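These notes are about the structure you will find just below.
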Amino acid sequence: MSTVLSVRAVVKRYGELEALRGISFDAEAGEVVAVVGPNGAGKTTLLSIIAGTQRPSEGSVTGPAPAAGAGSAVGWAPQQPALYAKLSVAENLRLFARLERVADPEQAVGRMLAQSGLSERADERLDRLSGGNRQRVNVAIGLIADPPVLALDEPSASLDPGQRERLWEFICGLAKKGTSVVFSSHNVGEAQRYAGRVIVLDEGDLLFDGTPQALMRETGQGESADFERAFVAFLAERGRR
Amino acid sequence: MRWLLQKDLLILGRSRMLVALLIVYPVLIALLIGFAISRSPSRPRVAIVDATPAGETVKVGSERVEVSQYAEHLFSQVQPVSVASRAQAIDKVKSAEVLAAVVIPPDIAARISSGTAQGELEVIYNGNALEQSIVQSQLSSALAQANLGFSEQIQQAAAKAIDLLLRGGNLGVLGAPGNLIGLDEIPPLLHGIVARQRPGADRAALERISGFADFAAQNLSVSKNVLSTVGEPIRVRSTLLHGRRTPLNTFAVVVAVSVSLMFVCVLLAAGGVALEREEHALPRLVRGLVSREVLLAEKGSLAAGCSFAVAFALLAGVGAFVALDWSRVGLWLAALALASLAFGALGVAIGALAREVRAASLLAFVLTLPLAFLALVPSGSGAAGLYETIGAVSFVFPFKASLQALDAAVNGASPSIWVSLVHLAGLTIVFGALARVGLRRVD
């Protein structure tokens, strides 16, 4: 597998506060990487830097070069849906397809409506959709340009179990086709189930980078033990919580 | 920018209240201003009770001036409503049928004729402090004009009486002998008599009388000039230092259009930028899809375009009521375009600071309304230092420059429109730059 995303010694400071302290990791094509950690760990900051909405104070993020004329090579779905409430699902998708300079916006809109299961609600305005459906549109917009890397910040936060399941099926399907997915989550169970790799952040430090099974082993618990308990034990061992 | 503009127009089109406001507002304001200006009475409506007996005259020497002439002068200064009694006049004032009432008492002629007492009028009005002030000022002006007219009548009568004294003839005064000698003729007659007298006490006495007659004739002839000086001691000659006079009604139109333009433009621009934050779309847009400069230009241009259309519609609408010089329409468009851009830049600067539309709207409203009032403060109405401060504040915001540009475009007022247009262009750049700084933060 080839490296499509390289994060090198990334530091982010907000005045005196260091939100990220020398974070480095790589992501391969088709890899699903979960960034987990307690509140204030720096997950959203890291995802924002990968997505290009913030610049690192130090260090670098190297992603794939965007296709000629295309907007961005990293698809991004922020934690809070970044959508226009007065536009319909299709209009939101169409707008971002055009802004991303997708070659065939209408074809991309149709594809994302089908993939997100919102074809029948294409003409409904966003302010009339449930939180879960809005989040599906939010993720769909991140994918509209078919990017090689996808950064998802808490993608399943407001979804019910059924919607969450469908979303992960969809994301895992993309990964199988070669899209590299980096997502942050509070739900460590999701990280165990869907991620091939887990990055544990706390107070801006990278504490762990490996498979979920390796994290379980690190805490001395068997691979069949509860992952969430192992995660909490891991943080406790490092005197973090 | 095209897709962003299309999106904003779509959102604007779906905000029915906002669109309705954008259409209804200029129409409503245009109609209100138009009716207010075209229907407002140029002369106050005043009830007049003339209690003087018919044919009553003021006696000035041998001349008489009818008191009804005073009422006629007063009638020409106001919209008169004749009423029979003071009680009826009070009823009309109370019911707001008239702004005020003037009671001309029956003894006015006797008082003026006495030469020792002034004639007195009673003025009746009511209302709050502002109304009283307006009515008083309007009525004082009308009464002053009527007084002036009436005093001219009396002055002419007095001058005529003096002429008769100087020239002689029939004075027309009851009991006066006919063909009286005039004062002008007495000095030469006396000089002849004095010359024929032998020196002595009689001749000396006649010489003294002749000297008095010379003096009296000379001074009575200049007394007519004195009378005119007393009648109107100071005549006002106005000189406008620069520019041209703007009629009050067209200036009111310019103010109304500028205020409307300001509110529509600043609120739309500020709200447009703040909406991107409120919908959390700003980070998604500026991460390579749209540059911050393009985003600000799009929001500012959209707001400027909408407010330009609204302001022009308002100006054209008011033009149906007030005579505007349509040959200057090119200058109107230039002034409206630059003013719209400057307000658009101010709006995006405000929007860049706010996190949500409501906060942006409130900030825009709170900031612009006092600035508009400050820009309307006339020079000399406060302490020198205060006015300079107000002037400096007004200079760095677009309202005053817009007002001046539009006034110059519509009325040809000074300063030159080009000065104001350059000022507005400068403010557009400054506020645009401030907006760009404010939009550095995207979260």
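Chain labels follow the order of the structure tokens: the first chain is A, the next B, and so on; residue numbering restarts at 1 in every chain, and ligands are counted from 1 in their shown order.
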| message | Select, as a ChimeraX atom specification, those residues of chain A with any atom no more than 7 Å from chain B (distances computed using only C-alpha atoms). | response | /A:52-53,71-72,80-84,86-87,95,99-100
| said: Just want the 12 Å neighbourhood of Phe399 of chain B, counted on only C-alpha atoms, with same-chain residues fewer than 3 positions away dropped. Output as a PyMOL selection string. | reply: chain B and resi 254-263+265-266+335-336+338-344+346+367-376+391+393-396+402-407+420+423-424+427
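Taking only C-alpha atoms into account, Ala54 of chain B lies nearest to B:Ala109 out of the set B:Val410, B:Ile350, B:Val103, B:Ala109.
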| Please, which residues of segment 22-228 of chain A, numbered as in this document, come out strand (DSSP E or B) from DSSP, as a VMD selection string? | chain A and resid 22 to 28 32 to 36 58 to 62 74 to 77 88 125 149 to 153 180 to 185 197 to 202 205 to 210
| query | What does the distance between atom CA of Asp26 of chain A and atom CA of Ala175 of chain A come to in Å, to one decimal place? | reply | 15.6 Å
| Between atom CA of Tyr194 of chain A and atom CA of Arg166 of chain A - distance in Å to one decimal | 12.3 Å
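When atom CA of Gly40 of chain A is paired with atom CA of Leu201 of chain A, their separation reads 9.2 Å.
Within 10 Å of segment 227-229 of chain A, once only C-alpha atoms are used and residues closer than 4 positions along the same chain are dropped, the contacting residues are A:Asn187, A:Val188, A:Gly189, A:Glu190, A:Ala191, A:Gln192, A:Arg193, A:Pro212, A:Gln213, A:Leu215, A:Met216, A:Thr219, A:Gln221, A:Gly222, A:Glu223, A:Ala233, A:Phe234.
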Keeping C-alpha atoms, export the residues of the selection given above as a compact mmCIF listing (two decimals), in the first residue's frame.
```
# COMPACT_ATOMS: atom_id res chain seq x y z
CA ASN A 187 -17.05 6.23 20.66
CA VAL A 188 -14.04 3.93 21.09
CA GLY A 189 -16.24 0.94 20.24
CA GLU A 190 -16.61 2.37 16.73
CA ALA A 191 -12.86 2.75 16.52
CA GLN A 192 -12.40 -0.91 17.45
CA ARG A 193 -15.05 -2.11 15.00
CA PRO A 212 -6.99 -1.78 18.32
CA GLN A 213 -5.69 -5.21 19.21
CA LEU A 215 -3.86 -1.24 22.32
CA MET A 216 -5.63 -4.10 24.14
CA THR A 219 -2.99 -2.69 28.65
CA GLN A 221 -6.05 -7.32 28.51
CA GLY A 222 -6.99 -10.07 26.17
CA GLU A 223 -8.22 -9.25 22.66
CA ALA A 233 -7.00 1.72 31.55
CA PHE A 234 -4.47 2.81 28.94
```
| task | Please provide the set of residues having any atom within 12 Å of segment 119-135 of chain A, restricted to only C-alpha atoms, with same-chain residues fewer than 4 positions apart removed, written as a VMD selection string. | result | (chain A and resid 77 to 94 109 to 115 139 to 142 152 to 167) or (chain B and resid 11 14 279)
| What's the 8 Å shell around Val194 of chain B, counting only C-alpha atoms, without same-chain residues fewer than 6 positions away, as a list in words? | Arg203, Leu206 and Glu207 of chain B
Could you save the residues just selected, with C-alpha atoms, as a PDB file, in the first residue's frame?
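After the write, again_0.pdb holds the following:
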```
ATOM      1  CA  ARG B 203     -37.016 141.777  12.045  1.00  0.00           C
ATOM      2  CA  LEU B 206     -38.952 137.166  12.068  1.00  0.00           C
ATOM      3  CA  GLU B 207     -35.389 136.013  11.294  1.00  0.00           C
TER       4      GLU B 207
END
```
When you look at segment 186-191 of chain B with a cut-off of 12 Å (counting only C-alpha atoms), what residues show up, excluding the ones that are within fewer than 2 positions of it in the same chain? I need them as a short mmCIF file (atom, residue, chain, number, x, y, z; two decimals) with C-alpha atoms, in the first residue's frame.
```
data_model
loop_
_atom_site.label_atom_id
_atom_site.label_comp_id
_atom_site.auth_asym_id
_atom_site.auth_seq_id
_atom_site.Cartn_x
_atom_site.Cartn_y
_atom_site.Cartn_z
CA LEU B 165 -47.76 119.03 5.40
CA LEU B 166 -44.79 119.87 3.19
CA ARG B 167 -46.72 120.65 0.03
CA GLY B 168 -49.89 122.13 1.59
CA LEU B 180 -53.41 125.39 3.39
CA ILE B 181 -49.89 126.61 2.73
CA GLY B 182 -47.23 123.87 2.69
CA LEU B 183 -44.20 123.91 4.98
CA ASP B 184 -41.92 123.96 1.90
CA ILE B 193 -40.87 139.44 4.43
CA VAL B 194 -37.67 139.54 6.52
CA ALA B 195 -35.82 141.30 3.67
CA ARG B 196 -38.49 143.97 3.55
CA GLN B 197 -38.40 144.68 7.30
CA ARG B 203 -37.02 141.78 12.05
CA ALA B 205 -37.97 137.93 15.69
CA LEU B 206 -38.95 137.17 12.07
CA GLU B 207 -35.39 136.01 11.29
CA ARG B 208 -35.63 133.51 14.20
CA ILE B 209 -39.00 132.22 12.90
CA SER B 210 -37.56 131.99 9.37
CA GLY B 211 -34.61 129.94 10.70
CA PHE B 212 -36.98 127.54 12.40
CA ALA B 213 -39.09 127.22 9.24
CA ASP B 214 -35.93 126.39 7.19
CA PHE B 215 -34.95 123.74 9.72
CA ALA B 216 -38.45 122.25 10.00
CA ALA B 217 -38.94 122.02 6.22
CA GLN B 218 -35.56 120.37 5.67
#
```
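When only C-alpha atoms are used to measure the gap to Ile171 of chain A, the shortest distance among A:Arg136, A:Arg13, A:Arg55, A:Arg98 belongs to A:Arg136.
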| Using only C-alpha atoms, which of B:Val49, B:Leu139, B:Val102, B:Ala309 sits nearest Leu121 of chain B? | B:Val102
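Near Ala71 of chain B, within a cut-off of 9 Å and counting only C-alpha atoms, sit the residues Ile48, Asp50, Val67, Phe75, Ser76, Ile104 and Ala146 of chain B, with same-chain residues fewer than 4 positions away left out.
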Would you output that residue set with N, CA and C atoms, as a PDB file, in the first residue's frame?
```pdb
ATOM      1  N   ILE B  48     -58.985  82.248  12.328  1.00  0.00           N
ATOM      2  CA  ILE B  48     -58.845  83.678  12.619  1.00  0.00           C
ATOM      3  C   ILE B  48     -60.197  84.242  13.066  1.00  0.00           C
ATOM      4  N   ASP B  50     -61.788  87.637  13.671  1.00  0.00           N
ATOM      5  CA  ASP B  50     -61.615  89.084  13.496  1.00  0.00           C
ATOM      6  C   ASP B  50     -62.777  89.783  14.217  1.00  0.00           C
ATOM      7  N   VAL B  67     -58.311  98.333   9.365  1.00  0.00           N
ATOM      8  CA  VAL B  67     -57.786  97.194  10.143  1.00  0.00           C
ATOM      9  C   VAL B  67     -57.928  95.894   9.352  1.00  0.00           C
ATOM     10  N   PHE B  75     -53.994  86.670   6.378  1.00  0.00           N
ATOM     11  CA  PHE B  75     -54.600  85.627   5.563  1.00  0.00           C
ATOM     12  C   PHE B  75     -53.630  85.136   4.484  1.00  0.00           C
ATOM     13  N   SER B  76     -52.813  86.064   3.972  1.00  0.00           N
ATOM     14  CA  SER B  76     -51.907  85.671   2.892  1.00  0.00           C
ATOM     15  C   SER B  76     -50.736  84.830   3.407  1.00  0.00           C
ATOM     16  N   ILE B 104     -58.169  88.618  16.717  1.00  0.00           N
ATOM     17  CA  ILE B 104     -57.899  90.055  16.561  1.00  0.00           C
ATOM     18  C   ILE B 104     -58.966  90.771  17.393  1.00  0.00           C
ATOM     19  N   ALA B 146     -47.060  89.464   8.483  1.00  0.00           N
ATOM     20  CA  ALA B 146     -48.283  90.278   8.473  1.00  0.00           C
ATOM     21  C   ALA B 146     -48.023  91.637   9.111  1.00  0.00           C
TER      22      ALA B 146
END
```
